[in-house]
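Participant: Pasting in a structure now, in structure tokens, and then I'll have a few things to ask.
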Amino acid sequence: MKVLIDTWGWIILYNKSEKKHTEVKNWYHGFRKQGGILYTTDYVLDETFTLLFRRTPFDLAAEAMTKIDNAIEKGYLILERITPDRFEKTKKLRLKYIDKNLISFTDLTSVIVMIEKEIETILSEDDHFAYLEGGFQQTQLNV
């Protein structure tokens, strides 16, 4: 199984003060043990690092950045880069969804990657992924 981790997932995973931290942490480690393939994008990490350094102590944000980098280096997290081609596809997708003005451009770049990599599930609380191209599923964490 493949899952793309959205900004929300990273923030919850690394910020212990978030309500769903333990649940997301348990899901993450369980998914890895089952051999699931984790993906994220450079745009998602841009948002993630910005928010972690803004909302958490510096040491915690730096530790999270290091752990994510290590996951990429060790190969259990695949980092997808938003290339110029993906950027252009995202612009077209943005113009397609006139009625969905609240979805971020970063989220739409994730949609492009999910379509290309045939990823059907995303770790996110943003419900708009279910209504976009592909009708992606969100991982359902029992709260």
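Here, A, B, ... name the chains of the structure tokens in the order displayed, residue numbers run from 1 inside each chain, and ligands are numbered from 1 in the same displayed order.
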Apply DSSP to the backbone of this structure and, from segment 2-143 of chain A, keep only the residues in helix (DSSP H, G or I); write these as a ChimeraX atom specification.
Facilitator: /A:7-14,21-33,42-55,58-74,84-96,105-117,127-131
Participant: Smallest atom-to-atom distance to Gly75 of chain A: which of A:Leu123, A:Asp107, A:Tyr14, A:Gly35, using only C-alpha atoms?
Facilitator: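 Once distances to Gly75 of chain A are computed over only C-alpha atoms, the minimum belongs to A:Gly35.
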Participant: Between A:Ile98, A:Lys2, A:Val24, A:Ile78, which is the closest to Glu125 of chain A once you count only C-alpha atoms?
Facilitator: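 The closest residue to Glu125 of chain A is A:Val24.
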Participant: Looking only at the backbone, which of the residues in segment 69-127 of chain A does DSSP tag as strand (DSSP E), as a VMD selection string?
Facilitator: chain A and resid 77 to 80 121 to 123
Participant: Please identify all polymer residues within 12 Å of Tyr76 of chain A, counting only C-alpha atoms, omitting same-chain residues fewer than 5 positions from it, and present them as a ChimeraX atom specification.
Facilitator: /A:2-3,28-29,31-40,67-71
Participant: What is the atom CA of Thr48 of chain A to atom CA of Trp8 of chain A distance in Å?
Facilitator: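 Between atom CA of Thr48 of chain A and atom CA of Trp8 of chain A the gap is 7.9 Å.
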Participant: With distances taken over only C-alpha atoms, which residue among A:Leu79, A:Val111, A:Ser17, A:Trp27 lies nearest Leu93 of chain A?
Facilitator: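 Going through A:Leu79, A:Val111, A:Ser17, A:Trp27 one by one, the smallest distance to Leu93 of chain A is for A:Val111.
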Participant: Kindly give the distance, in Å, that separates atom CA of Glu63 of chain A and atom CA of Phe49 of chain A, rounded to a single decimal.
Facilitator: 10.8 Å
